[in-house]
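S.K.: Sharing a structure with you now.
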Amino acid sequence: MRFRAKIVDLACLNHFSRIINTIARLAKSCILRLTVCKLYFILSDKVANGGASMWCELSQGNFFDEFQMEGVAAEHNEIYLELVPENLSRALKTAQSAKAVKIKLTNKHCPCLRVAVELPSLSRSSRIVTHDIPVGVIPRRMWNDFREPSVPDFDVSLIYLPVLKTMKSVVERMKNLSNFIVIEANLSGEMNLKIETDLVSVTTHFKDLGNPPWASEDGCQSSAQGRDLESMAEACIDIKKLQQLLAGQQVNPTKALCNIVRKRIVHFILLHEEVSLQYFIPAIA
């Protein structure tokens, strides 16, 4: 089992660093899955326990100048590591003006991701700062615990989110009034954010957001045929989890969408070029 990679391009490095910062804000600990073409950051706090789940996928070719890996076996050419993303985020903060960053899986005293940051130097000798980030190697028998979350049939599939900065400021104000927020949306591009307490009821309305078609796993695009376009699907979720996503995201998505399964789950999707971040917040009964 071997892994080594190198980033030289500063724009790629800073973009990668922003993604890791986002993940660090959403997950105290997560799984890093390495394949030949992609990296995945996975958080599967079982939704049944009321925890949020995350699935972030990036193409290695868009970030790394070199990327070599050998998985646990020829027929299972993947590596699953458990790590604290905050540690990786901290290591990358030292690399903001680096000439290069190398990441390597090592196993001297315990398995570690070694992040070696080559900094610009006035002399000929290069300055290298090394961070060893402890990781746990996930055995093959447990890999199935970290598959992409399956998504039930949505009552409202895919509505574009409002501008995230606007949504964030609305949610931050509502957070002072309640621990829970109701998100409701329909297939006519309308979304409402609502809080209701004994003392106050506040609703923010968004309209003309748009509903793109949703391609299901069998490749068929599910349309709104046979559904009431005006009918609202709603879910009540933990406002802190929503605020965490909106405040923490540095992916700066070109597209941001959400799906709602009535009274069960809200599924957020942030897309930016070769990065997709999915975040699942379970509904509160």
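Labels for the structure tokens follow display order: chains A, B, ..., residues from 1 in each chain, ligands from 1.
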Need to verify the contact set: Pro120 of chain A, 12 Å, only C-alpha atoms, exclusion of same-chain residues closer than 4 positions in sequence. Can you return it as an MDAnalysis selection string?

M.R.: chainID A and resid 94:101 124:129

S.K.: Go ahead and dump the residues you just picked, C-alpha atoms, as a PDB file, in the first residue's frame.

M.R.:
ATOM      1  CA  THR A  94       1.850  26.877   6.138  1.00  0.00           C
ATOM      2  CA  ALA A  95       1.881  26.340   2.363  1.00  0.00           C
ATOM      3  CA  GLN A  96       0.195  29.514   1.134  1.00  0.00           C
ATOM      4  CA  SER A  97       3.279  30.697  -0.750  1.00  0.00           C
ATOM      5  CA  ALA A  98       4.988  27.311  -1.139  1.00  0.00           C
ATOM      6  CA  LYS A  99       7.045  26.265  -4.142  1.00  0.00           C
ATOM      7  CA  ALA A 100       5.677  22.736  -3.815  1.00  0.00           C
ATOM      8  CA  VAL A 101       3.807  20.470  -1.426  1.00  0.00           C
ATOM      9  CA  ARG A 124      20.272  27.858  -2.535  1.00  0.00           C
ATOM     10  CA  SER A 125      19.221  25.404   0.113  1.00  0.00           C
ATOM     11  CA  SER A 126      15.496  24.928   0.270  1.00  0.00           C
ATOM     12  CA  ARG A 127      13.452  25.316   3.444  1.00  0.00           C
ATOM     13  CA  ILE A 128      11.152  22.381   4.033  1.00  0.00           C
ATOM     14  CA  VAL A 129       8.532  22.256   6.764  1.00  0.00           C
TER      15      VAL A 129
END

S.K.: Here is a test: counting only C-alpha atoms, which residue of A:Phe154, A:Phe180, A:Tyr160, A:Phe206 is nearest to Arg264 of chain A?

M.R.: A:Phe154

S.K.: Could you check how far atom CA of Lys104 of chain A sits from atom CA of His131 of chain A, in Å to one decimal?

M.R.: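 These atoms are spaced 10.6 Å apart.
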
S.K.: Kindly give the distance, in Å, that separates atom CA of Gly210 of chain A and atom CA of Thr22 of chain A, rounded to a single decimal.

M.R.: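 Computing the Euclidean distance for atom CA of Gly210 of chain A and atom CA of Thr22 of chain A yields 26.1 Å.
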
S.K.: Would you mind writing down, as number ranges by chain, each residue of segment 182-267 of chain A that DSSP on the backbone assigns to alpha helix (DSSP H)?

M.R.: A: 239-248

S.K.: Which residue gives the smallest distance to Glu172 of chain A among A:Ile103, A:Val251, A:Ile239, A:Leu13, with only C-alpha atoms counted?

M.R.: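 Of all the options, A:Ile239 lies closest to Glu172 of chain A.
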
S.K.: May I ask which of the residues A:Asp132, A:Trp143, A:Ser123, A:Cys37 is the closest one to Val72 of chain A, counting only C-alpha atoms?

M.R.: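 Checking each candidate against Val72 of chain A, we get A:Trp143 as the closest.
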